[in-house]
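Enquirer: This is the content of upload-v5.tsv (TSV, C-alpha atoms):
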```
chain	number	residue	atom	x	y	z
A	1	ALA	CA	-121.61	282.20	43.36
A	2	GLU	CA	-120.28	284.04	40.44
A	3	GLN	CA	-120.07	282.13	37.28
A	4	ALA	CA	-116.74	281.38	35.96
A	5	ILE	CA	-117.68	279.39	33.06
A	6	ALA	CA	-119.23	281.17	30.21
A	7	PRO	CA	-120.81	280.28	26.96
A	8	ASP	CA	-119.58	281.57	23.77
A	9	SER	CA	-121.65	280.27	21.27
A	10	GLY	CA	-124.14	282.32	20.15
A	11	ASN	CA	-124.06	279.54	18.10
A	12	GLU	CA	-123.21	278.17	18.12
A	13	THR	CA	-122.50	278.06	15.01
A	14	ALA	CA	-119.58	276.56	14.11
A	15	GLN	CA	-120.95	273.36	15.16
A	16	ALA	CA	-124.54	273.57	14.59
A	17	THR	CA	-126.70	273.23	17.59
A	18	THR	CA	-130.30	272.98	18.25
A	19	PRO	CA	-132.50	275.37	19.98
A	20	ASP	CA	-131.79	274.09	23.34
A	21	GLU	CA	-128.32	272.86	23.33
A	22	GLN	CA	-127.01	274.75	26.23
A	23	THR	CA	-126.21	272.46	28.98
A	24	ALA	CA	-125.44	272.18	32.50
A	25	ALA	CA	-122.20	273.56	31.52
A	26	ASN	CA	-124.16	276.24	30.08
A	27	GLN	CA	-125.29	276.78	33.44
A	28	VAL	CA	-122.05	277.69	34.92
A	29	SER	CA	-122.26	281.30	35.22
A	30	ARG	CA	-120.01	283.98	33.91
A	31	GLU	CA	-118.42	284.23	37.20
A	32	ILE	CA	-117.62	280.77	37.65
A	33	PRO	CA	-117.19	279.01	34.59
A	34	ILE	CA	-119.29	279.67	31.71
A	35	GLY	CA	-121.39	276.78	30.86
A	36	SER	CA	-121.37	274.34	28.04
A	37	GLN	CA	-121.86	275.14	24.45
A	38	SER	CA	-124.48	273.55	22.34
A	39	ALA	CA	-124.31	272.16	18.98
A	40	ALA	CA	-127.82	271.42	18.31
A	41	ALA	CA	-129.75	273.69	20.41
A	42	PRO	CA	-130.66	277.24	19.98
A	43	ASP	CA	-128.86	278.50	22.95
A	44	ALA	CA	-125.31	277.58	23.13
A	45	THR	CA	-124.08	279.85	25.82
A	46	VAL	CA	-123.01	278.73	29.20
A	47	SER	CA	-122.10	279.92	32.60
A	48	ALA	CA	-121.71	278.70	36.12
A	49	ASN	CA	-125.16	278.30	35.61
A	50	GLU	CA	-124.48	278.50	31.97
A	51	THR	CA	-121.40	277.47	30.19
A	52	GLU	CA	-120.57	278.75	26.83
A	53	THR	CA	-120.07	276.52	23.98
A	54	ALA	CA	-119.20	277.63	20.95
A	55	MET	CA	-116.29	278.28	19.65
A	56	ASP	CA	-119.27	276.55	20.72
A	57	THR	CA	-120.59	275.84	20.75
A	58	ALA	CA	-123.17	274.86	18.79
A	59	GLY	CA	-125.89	276.33	19.66
A	60	ASP	CA	-129.25	276.32	19.62
A	61	THR	CA	-130.02	276.30	16.49
A	62	ALA	CA	-126.69	277.16	15.78
A	63	GLY	CA	-127.49	280.19	17.37
A	64	GLY	CA	-125.40	282.47	19.20
A	65	ASP	CA	-122.35	283.89	18.04
A	66	ALA	CA	-121.11	281.40	15.90
A	67	GLY	CA	-123.42	279.13	17.13
A	68	ALA	CA	-120.72	277.04	18.52
A	69	LEU	CA	-118.25	275.98	16.32
A	70	GLU	CA	-119.83	272.91	15.00
A	71	GLU	CA	-121.38	272.35	11.93
A	72	THR	CA	-121.18	272.17	8.35
A	73	ALA	CA	-119.14	273.42	5.54
A	74	GLN	CA	-119.88	272.97	1.90
A	75	GLN	CA	-117.16	271.83	-0.36
A	76	ALA	CA	-116.98	271.72	-4.11
A	77	ASP	CA	-114.57	268.92	-4.58
A	78	SER	CA	-114.57	265.52	-3.05
A	79	GLY	CA	-112.33	266.74	-0.28
A	80	PRO	CA	-110.33	264.55	2.07
A	81	ASP	CA	-111.16	260.93	2.56
A	82	VAL	CA	-114.25	260.63	4.72
A	83	PRO	CA	-114.59	257.84	7.27
A	84	VAL	CA	-117.12	255.30	6.09
A	85	ALA	CA	-118.45	252.64	8.41
A	86	THR	CA	-118.41	249.04	7.28
A	87	ALA	CA	-121.76	248.14	8.86
A	88	SER	CA	-124.95	248.58	6.90
A	89	PHE	CA	-127.00	251.70	7.55
A	90	PRO	CA	-130.67	252.48	7.02
A	91	MET	CA	-131.73	254.54	4.04
A	92	PRO	CA	-133.05	257.91	5.24
A	93	PRO	CA	-136.64	258.72	4.20
A	94	GLU	CA	-137.12	260.59	0.93
A	95	GLU	CA	-138.31	263.78	2.61
A	96	VAL	CA	-134.95	264.23	4.33
A	97	GLY	CA	-133.11	265.08	1.13
A	98	ASN	CA	-132.13	264.08	-2.37
A	99	GLU	CA	-130.92	260.67	-3.48
A	100	ALA	CA	-127.25	261.62	-3.34
A	101	LEU	CA	-127.46	262.49	0.36
A	102	ARG	CA	-129.57	259.50	1.29
A	103	THR	CA	-127.38	257.07	-0.65
A	104	ALA	CA	-124.24	258.45	0.99
A	105	ALA	CA	-125.81	258.12	4.44
A	106	ALA	CA	-126.91	254.55	3.74
A	107	ALA	CA	-123.34	253.78	2.66
A	108	GLY	CA	-122.00	255.02	5.98
A	109	ASP	CA	-120.52	258.39	4.95
A	110	VAL	CA	-120.24	260.08	8.35
A	111	ASN	CA	-120.72	263.57	6.93
A	112	ALA	CA	-123.94	262.45	5.28
A	113	LEU	CA	-125.11	260.78	8.50
A	114	PHE	CA	-124.36	264.00	10.37
A	115	GLU	CA	-126.20	266.07	7.77
A	116	VAL	CA	-129.31	263.92	8.12
A	117	GLY	CA	-129.13	264.45	11.88
A	118	ARG	CA	-128.69	268.18	11.40
A	119	ARG	CA	-131.76	268.39	9.18
A	120	TYR	CA	-133.87	266.70	11.83
A	121	THR	CA	-132.31	269.01	14.43
A	122	ASP	CA	-133.04	272.21	12.52
A	123	GLY	CA	-136.29	271.15	10.88
A	124	ASP	CA	-134.60	271.57	7.49
A	125	GLN	CA	-136.55	269.72	4.75
A	126	VAL	CA	-138.29	267.64	7.45
A	127	ASP	CA	-140.24	268.26	10.64
A	128	ARG	CA	-137.96	268.91	13.59
A	129	ASN	CA	-137.45	265.65	15.48
A	130	LEU	CA	-134.64	265.51	18.04
A	131	GLY	CA	-135.15	261.81	18.66
A	132	GLU	CA	-134.51	261.08	14.98
A	133	ALA	CA	-131.62	263.55	14.98
A	134	ALA	CA	-130.01	261.73	17.90
A	135	LYS	CA	-130.31	258.42	16.05
A	136	TRP	CA	-128.42	259.69	13.01
A	137	TYR	CA	-125.82	261.53	15.08
A	138	GLU	CA	-125.19	258.33	17.01
A	139	LEU	CA	-124.58	256.38	13.81
A	140	ALA	CA	-121.94	258.92	12.78
A	141	ALA	CA	-120.52	259.15	16.30
A	142	GLU	CA	-120.12	255.39	16.59
A	143	ALA	CA	-118.23	255.48	13.29
A	144	GLY	CA	-115.76	257.94	14.87
A	145	ASP	CA	-117.00	261.32	13.61
A	146	ALA	CA	-115.95	264.02	16.10
A	147	PRO	CA	-118.60	266.66	15.22
A	148	ALA	CA	-121.30	264.00	15.68
A	149	GLN	CA	-119.75	262.88	18.98
A	150	TYR	CA	-119.83	266.47	20.18
A	151	ARG	CA	-123.44	266.93	19.06
A	152	LEU	CA	-124.54	263.68	20.65
A	153	GLY	CA	-122.81	264.65	23.89
A	154	ASN	CA	-124.74	267.90	23.83
A	155	PHE	CA	-128.00	266.03	23.35
A	156	TYR	CA	-127.29	263.81	26.36
A	157	GLU	CA	-126.25	266.79	28.45
A	158	LYS	CA	-129.50	268.59	27.68
A	159	GLY	CA	-131.80	265.63	27.29
A	160	HIS	CA	-132.65	266.44	23.68
A	161	GLY	CA	-134.20	263.47	21.96
A	162	VAL	CA	-132.59	261.14	24.50
A	163	LYS	CA	-132.75	260.62	28.24
A	164	GLN	CA	-130.57	263.21	29.95
A	165	ASP	CA	-127.36	261.61	31.23
A	166	PRO	CA	-124.34	263.80	32.11
A	167	GLN	CA	-121.99	260.82	32.28
A	168	VAL	CA	-122.91	259.62	28.79
A	169	ALA	CA	-122.57	263.23	27.63
A	170	ALA	CA	-119.09	263.39	29.14
A	171	ASP	CA	-118.11	260.12	27.48
A	172	TRP	CA	-119.05	261.45	24.04
A	173	TYR	CA	-117.45	264.83	24.72
A	174	GLU	CA	-114.24	263.08	25.71
A	175	LYS	CA	-114.18	261.07	22.48
A	176	ALA	CA	-114.70	264.23	20.44
A	177	ALA	CA	-112.20	266.22	22.52
A	178	ALA	CA	-109.57	263.52	22.07
A	179	GLN	CA	-109.84	264.10	18.32
A	180	GLY	CA	-109.50	267.87	18.73
A	181	ASN	CA	-113.08	269.15	18.94
A	182	ALA	CA	-112.72	272.45	20.79
A	183	LEU	CA	-116.31	272.85	21.96
A	184	ALA	CA	-116.32	269.34	23.36
A	185	MET	CA	-113.23	270.27	25.38
A	186	HIS	CA	-115.04	273.28	26.79
A	187	ASN	CA	-118.24	271.42	27.64
A	188	LEU	CA	-116.32	268.56	29.21
A	189	ALA	CA	-114.48	271.08	31.38
A	190	VAL	CA	-117.79	272.60	32.45
A	191	LEU	CA	-119.19	269.23	33.50
A	192	HIS	CA	-116.11	268.55	35.62
A	193	ALA	CA	-116.24	272.05	37.13
A	194	MET	CA	-119.90	271.66	38.03
A	195	GLY	CA	-119.36	268.38	39.83
A	196	VAL	CA	-122.14	266.60	37.98
A	197	LEU	CA	-120.05	263.55	37.08
A	198	GLY	CA	-118.90	262.28	40.44
A	199	GLY	CA	-120.70	264.42	42.96
A	200	GLU	CA	-117.74	266.72	43.53
A	201	PRO	CA	-116.14	269.24	41.18
A	202	ASP	CA	-112.89	268.01	39.64
A	203	MET	CA	-111.16	271.32	39.08
A	204	ALA	CA	-107.87	269.78	37.96
A	205	GLU	CA	-109.63	268.01	35.11
A	206	ALA	CA	-111.76	271.08	34.37
A	207	ILE	CA	-108.76	273.38	34.18
A	208	MET	CA	-106.91	270.97	31.90
A	209	TRP	CA	-109.78	270.97	29.38
A	210	PHE	CA	-110.44	274.70	29.71
A	211	GLN	CA	-106.76	275.26	28.96
A	212	LYS	CA	-106.88	273.07	25.86
A	213	ALA	CA	-110.05	274.76	24.57
A	214	ALA	CA	-108.75	278.24	25.40
A	215	ASN	CA	-105.56	277.55	23.48
A	216	LEU	CA	-107.71	276.73	20.44
A	217	GLY	CA	-109.57	280.02	20.72
A	218	VAL	CA	-112.75	279.16	22.65
A	219	LYS	CA	-113.65	282.47	24.28
A	220	ASP	CA	-115.79	280.97	27.02
A	221	SER	CA	-112.92	278.79	28.14
A	222	GLN	CA	-110.62	281.81	28.08
A	223	VAL	CA	-113.04	283.77	30.24
A	224	ASN	CA	-113.43	280.86	32.63
A	225	LEU	CA	-109.68	280.53	33.02
A	226	GLY	CA	-109.51	284.24	33.78
A	227	ILE	CA	-112.14	283.82	36.48
A	228	LEU	CA	-110.45	280.77	37.98
A	229	TYR	CA	-107.05	282.48	38.10
A	230	THR	CA	-108.64	285.60	39.61
A	231	LYS	CA	-110.33	283.63	42.39
A	232	GLY	CA	-107.69	280.95	42.86
A	233	MET	CA	-110.22	278.20	42.16
A	234	GLY	CA	-108.39	274.94	41.45
A	235	VAL	CA	-105.23	276.89	40.69
A	236	GLU	CA	-103.04	279.31	42.56
A	237	GLU	CA	-104.34	282.87	42.26
A	238	ASN	CA	-102.45	284.56	39.44
A	239	LEU	CA	-103.59	287.98	38.29
A	240	GLU	CA	-101.16	288.05	35.37
A	241	GLU	CA	-102.69	284.87	33.95
A	242	ALA	CA	-106.18	286.13	34.70
A	243	TYR	CA	-105.49	289.41	32.90
A	244	LYS	CA	-103.93	287.56	29.96
A	245	TRP	CA	-106.96	285.36	29.36
A	246	PHE	CA	-109.47	288.17	29.84
A	247	ALA	CA	-107.47	290.32	27.42
A	248	ILE	CA	-107.35	287.55	24.82
A	249	ALA	CA	-111.11	286.97	25.05
A	250	SER	CA	-111.70	290.72	24.93
A	251	ARG	CA	-109.63	291.01	21.77
A	252	ALA	CA	-111.91	288.39	20.21
A	253	GLY	CA	-114.94	290.57	20.95
A	254	ASP	CA	-116.13	289.49	24.42
A	255	SER	CA	-117.32	292.68	26.15
A	256	ASP	CA	-117.72	290.99	29.54
A	257	ALA	CA	-114.10	289.88	29.36
A	258	SER	CA	-113.10	293.49	28.71
A	259	LYS	CA	-114.74	294.58	31.95
A	260	LYS	CA	-113.13	291.75	33.91
A	261	ARG	CA	-109.73	292.57	32.38
A	262	ASP	CA	-110.01	296.20	33.48
A	263	THR	CA	-111.12	295.20	36.97
A	264	VAL	CA	-108.16	292.85	37.39
A	265	ALA	CA	-105.79	295.51	36.06
A	266	GLN	CA	-106.74	297.81	38.94
A	267	ALA	CA	-105.42	295.25	41.42
A	268	MET	CA	-102.07	294.73	39.66
A	269	ARG	CA	-98.72	296.39	40.13
A	270	PRO	CA	-97.40	298.27	37.08
A	271	GLU	CA	-94.74	295.65	36.36
A	272	GLN	CA	-97.31	292.85	36.61
A	273	LEU	CA	-99.64	294.64	34.25
A	274	GLU	CA	-96.87	295.22	31.73
A	275	ALA	CA	-95.89	291.54	31.81
A	276	ALA	CA	-99.50	290.41	31.46
A	277	ARG	CA	-100.11	292.70	28.50
A	278	GLY	CA	-97.02	291.31	26.83
A	279	LYS	CA	-98.24	287.74	27.27
A	280	ALA	CA	-101.64	288.60	25.84
A	281	GLU	CA	-100.14	290.34	22.82
A	282	LEU	CA	-97.84	287.41	22.04
A	283	TRP	CA	-100.54	284.75	22.38
A	284	LYS	CA	-101.58	282.93	19.21
A	285	PRO	CA	-104.31	280.28	18.96
A	286	GLY	CA	-103.27	276.71	18.29
A	287	GLU	CA	-104.05	275.11	14.96
A	288	LEU	CA	-107.59	273.80	14.87
A	289	ASN	CA	-108.24	270.36	13.41
A	290	ARG	CA	-110.98	271.36	10.99
A	291	ASP	CA	-112.15	267.79	10.36
A	292	ALA	CA	-112.77	267.35	14.08
A	293	ASN	CA	-114.76	270.56	14.27
A	294	ILE	CA	-116.56	270.98	10.97
A	295	ALA	CA	-118.91	268.58	9.23
A	296	THR	CA	-118.74	268.88	5.47
A	297	VAL	CA	-121.86	269.15	3.32
A	298	ARG	CA	-121.19	268.19	-0.26
A	299	PRO	CA	-122.73	270.34	-3.03
A	300	GLU	CA	-124.53	267.35	-4.54
A	301	TRP	CA	-126.47	266.90	-1.29
A	302	LYS	CA	-128.16	270.27	-1.64
A	303	ASN	CA	-131.59	270.54	-3.17
A	304	ALA	CA	-131.63	271.76	-6.75
A	305	ALA	CA	-133.70	274.82	-5.98
A	306	ALA	CA	-130.93	276.69	-4.23
A	307	THR	CA	-131.24	280.43	-3.91
A	308	GLY	CA	-128.57	282.77	-5.15
A	309	SER	CA	-126.14	284.57	-2.92
A	310	VAL	CA	-126.74	288.21	-2.11
A	311	ASN	CA	-124.06	290.64	-1.00
A	312	VAL	CA	-124.70	292.02	2.46
A	313	SER	CA	-123.10	295.07	3.97
A	314	GLY	CA	-122.86	297.02	7.18
A	315	LYS	CA	-120.79	296.71	10.32
A	316	ASP	CA	-123.24	294.32	11.95
A	317	ALA	CA	-122.97	291.82	9.09
A	318	ILE	CA	-119.18	292.04	9.03
A	319	ARG	CA	-119.03	291.71	12.81
A	320	GLN	CA	-121.22	288.61	12.63
A	321	VAL	CA	-118.92	287.10	10.00
A	322	GLN	CA	-115.88	287.94	12.12
A	323	THR	CA	-117.43	286.32	15.18
A	324	LEU	CA	-118.33	283.17	13.27
A	325	LEU	CA	-114.89	282.95	11.67
A	326	THR	CA	-113.24	283.32	15.07
A	327	LYS	CA	-115.37	280.50	16.41
A	328	ALA	CA	-114.33	278.40	13.44
A	329	GLY	CA	-110.68	278.92	14.35
A	330	TYR	CA	-109.70	281.74	11.98
A	331	ASP	CA	-107.68	284.77	13.13
A	332	VAL	CA	-109.58	287.89	12.12
A	333	GLY	CA	-108.44	290.11	14.95
A	334	PRO	CA	-111.12	291.93	16.98
A	335	ALA	CA	-114.75	291.60	15.89
A	336	ASP	CA	-115.03	295.33	15.16
A	337	GLY	CA	-117.26	295.26	12.08
A	338	LEU	CA	-114.47	296.63	9.87
A	339	MET	CA	-113.36	294.78	6.74
A	340	GLY	CA	-109.60	294.60	7.14
A	341	ALA	CA	-106.97	292.37	5.54
A	342	LYS	CA	-107.22	289.70	8.26
A	343	THR	CA	-110.98	289.42	7.88
A	344	ARG	CA	-110.79	289.26	4.09
A	345	ASP	CA	-108.01	286.64	4.17
A	346	ALA	CA	-109.98	284.53	6.65
A	347	ILE	CA	-113.09	284.72	4.45
A	348	VAL	CA	-111.08	283.60	1.42
A	349	SER	CA	-109.55	280.70	3.36
A	350	PHE	CA	-112.97	279.57	4.57
A	351	GLN	CA	-114.50	279.92	1.11
A	352	LYS	CA	-111.74	277.81	-0.41
A	353	LYS	CA	-112.15	275.16	2.26
A	354	ILE	CA	-115.84	274.64	1.58
A	355	GLY	CA	-115.71	275.06	-2.18
A	356	MET	CA	-117.25	278.52	-2.48
A	357	ASN	CA	-116.05	281.17	-4.91
A	358	ALA	CA	-113.11	282.64	-2.98
A	359	ASP	CA	-113.87	286.33	-3.52
A	360	GLY	CA	-113.50	287.48	0.09
A	361	LYS	CA	-116.94	289.11	0.06
A	362	VAL	CA	-119.55	289.09	2.82
A	363	THR	CA	-122.65	287.51	1.29
A	364	SER	CA	-125.81	285.81	2.46
A	365	GLU	CA	-124.34	282.51	1.24
A	366	LEU	CA	-121.21	283.05	3.34
A	367	LEU	CA	-123.25	283.83	6.45
A	368	GLU	CA	-125.38	280.75	5.91
A	369	ALA	CA	-122.33	278.50	5.49
A	370	LEU	CA	-120.59	279.97	8.54
A	371	SER	CA	-123.66	279.66	10.72
A	372	LYS	CA	-123.78	275.97	9.93
A	373	THR	CA	-120.18	275.39	10.81
A	374	SER	CA	-118.96	274.57	14.20
A	375	ILE	CA	-115.59	274.46	15.68
```
If you took the structure in this file and wrote it as structure tokens, what would it be?
Expert:
Amino acid sequence: AEQAIAPDSGNETAQATTPDEQTAANQVSREIPIGSQSAAAPDATVSANETETAMDTAGDTAGGDAGALEETAQQADSGPDVPVATASFPMPPEEVGNEALRTAAAAGDVNALFEVGRRYTDGDQVDRNLGEAAKWYELAAEAGDAPAQYRLGNFYEKGHGVKQDPQVAADWYEKAAAQGNALAMHNLAVLHAMGVLGGEPDMAEAIMWFQKAANLGVKDSQVNLGILYTKGMGVEENLEEAYKWFAIASRAGDSDASKKRDTVAQAMRPEQLEAARGKAELWKPGELNRDANIATVRPEWKNAAATGSVNVSGKDAIRQVQTLLTKAGYDVGPADGLMGAKTRDAIVSFQKKIGMNADGKVTSELLEALSKTSI
């Protein structure tokens, strides 16, 4: 069967994922829902056999487009109040990072707990160890941190560092989704569409979560909705809605969605096509809850020997930044590799959020920060 659920992560990078974070959802193919997105695995795309993650994800190693929409942002000031658990927490080993990070984690700072998990996931400062990563993500997830709940769900979906268990994955995704984590919404939809939770697909539940994720800008969910409306799977066939969602995903840079949009257009009457184009042009993404989608990395947690930022240029670099910003919930228009006002404004907004110098420039530091951030 064609896949209707597609991955978007490329990661995943808004929420960082590990090399293998694609999931069953990831396995829903592009003709029938794109699969889940990963936050800790290298491959965060998905479809009927592979669901996309994205926004996100989080992909593989944050890989993919944005690598999912999951992971971390650096912020110069103290930022908003961070949930801190009241229970006592273990002190991470010295090799995981500096004293500031380890002390914050031991005090129950969920962003610090997440960062320790990310380092074990990516093999950053320490040897890659998904079992250890899962332990630290779970500490943050139990304390209510949505990015950690998403990441832990991805681990259970893929069996990374823990015993594979789709139901436990769904439980964590649902907790993260309830707080506004867009990639968790997508992956939860994929699990319901694939029928791995109760033996039979629950398309009503899948469509509800795809709709929520699509409205927040998750391209894979948008593509999956287009497929479902085209085929009348779980919903009444509606070519106008199908065209709308394919067009929206295409505008965000999904080439497969562009082809599907054009195919659907050939089957539509002129008045239908005009109405569908109008809907697509008027569509705006909902406001993304950044705290539910991005884990913050404080400057004092970074090792002293940080490398300087280098300006990077070229359409490919700009396109990559645009893709990652889109996954993180920013409106940059199409990912065309051109530095326009929308792209520059989005870069400045992101830089301000994480405490970088808000100069609107595409630099190696910006790319690194974006690729560690997940929606």
Enquirer: Report as a list in words all protein, DNA and RNA residues lying within 7 Å of range 143-145 of chain A, evaluated on all atoms listed in the file, omitting residues in the same chain fewer than 3 positions from it.
Expert: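 The filter keeps Ala85, Val110, Leu139, Ala140, Ala148 and Gln149 of chain A.
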Enquirer: Have a look at A:Leu273, A:Val218, A:Ala292, A:Val332 and name the one nearest to Ala146 in chain A; count only C-alpha atoms.
Expert: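 Closest residue, counting only C-alpha atoms: A:Ala292.
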Enquirer: So, with all atoms listed in the file as the atoms that count, which of A:Asn215, A:Gln272, A:Asn303, A:Gln222 lies closest to Lys284 in chain A?
Expert: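 With all atoms listed in the file as the atom set, the closest residue is A:Asn215.
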Enquirer: Would you work out the distance separating CA of Val362 in chain A from CA of Leu288 in chain A, expressed in Å to one decimal?
Expert: 22.8 Å
Enquirer: With distances taken over only C-alpha atoms, which of A:Trp209, A:Asp202, A:Val348, A:Glu157 is nearest to Leu225 in chain A?
Expert: A:Trp209
Enquirer: If you measure from CA of Glu287 in chain A to CA of Gln179 in chain A, what distance in Å do you get, rounded to one decimal?
Expert: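 According to the coordinates, CA of Glu287 in chain A and CA of Gln179 in chain A are separated by 12.9 Å.
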Enquirer: Report, in Å with one decimal, the straight-line distance from CA of Glu95 in chain A to CA of Gly117 in chain A.
Expert: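 Interatomic distance, CA of Glu95 in chain A to CA of Gly117 in chain A: 13.1 Å.
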Enquirer: Between A:Asp256, A:Glu138, A:Asp262, A:Glu300, single out the one closest to Leu239 in chain A, counting only C-alpha atoms.
Expert: A:Asp262
Enquirer: Env of Gly161 in chain A: 7 Å cut, atoms = only C-alpha atoms, seq-sep filter 4 positions within chain, self excluded. Answer as a PyMOL selection string.
Expert: chain A and resi 130-131+134+155
Enquirer: So, with only C-alpha atoms as the atoms that count, which of A:Ala328, A:Ala100, A:Val321, A:Ile227 lies closest to Lys361 in chain A?
Expert: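 Selected residue with least distance to Lys361 in chain A: A:Val321.
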Enquirer: When you count all atoms listed in the file, which of these residues is closest to Ala170 in chain A: A:Thr296, A:Leu113, A:Val235, A:Ser36?
Expert: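 Ranked by minimum distance to Ala170 in chain A, first place goes to A:Ser36.
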Enquirer: Give me the residues within 8 Å of Arg319 in chain A as an mmCIF file with C-alpha atoms, in the frame of the given file, counting all atoms listed in the file and dropping any in the same chain fewer than 4 places off.
Expert:
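Result written to part-v1.cif:
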```cif
data_model
loop_
_atom_site.group_PDB
_atom_site.id
_atom_site.type_symbol
_atom_site.label_atom_id
_atom_site.label_comp_id
_atom_site.auth_asym_id
_atom_site.auth_seq_id
_atom_site.Cartn_x
_atom_site.Cartn_y
_atom_site.Cartn_z
ATOM 1 C CA LYS A 315 -120.790 296.710 10.320
ATOM 2 C CA THR A 323 -117.430 286.320 15.180
ATOM 3 C CA ALA A 335 -114.750 291.600 15.890
ATOM 4 C CA ASP A 336 -115.030 295.330 15.160
ATOM 5 C CA GLY A 337 -117.260 295.260 12.080
ATOM 6 C CA LEU A 338 -114.470 296.630 9.870
#
```
Enquirer: May I have the residues at most 12 Å from (-116.1, 292.3, 26.5) in the file's coordinates, counting only C-alpha atoms, as number ranges by chain?
Expert: A: 8, 30, 219-220, 222-223, 245-263, 334-336
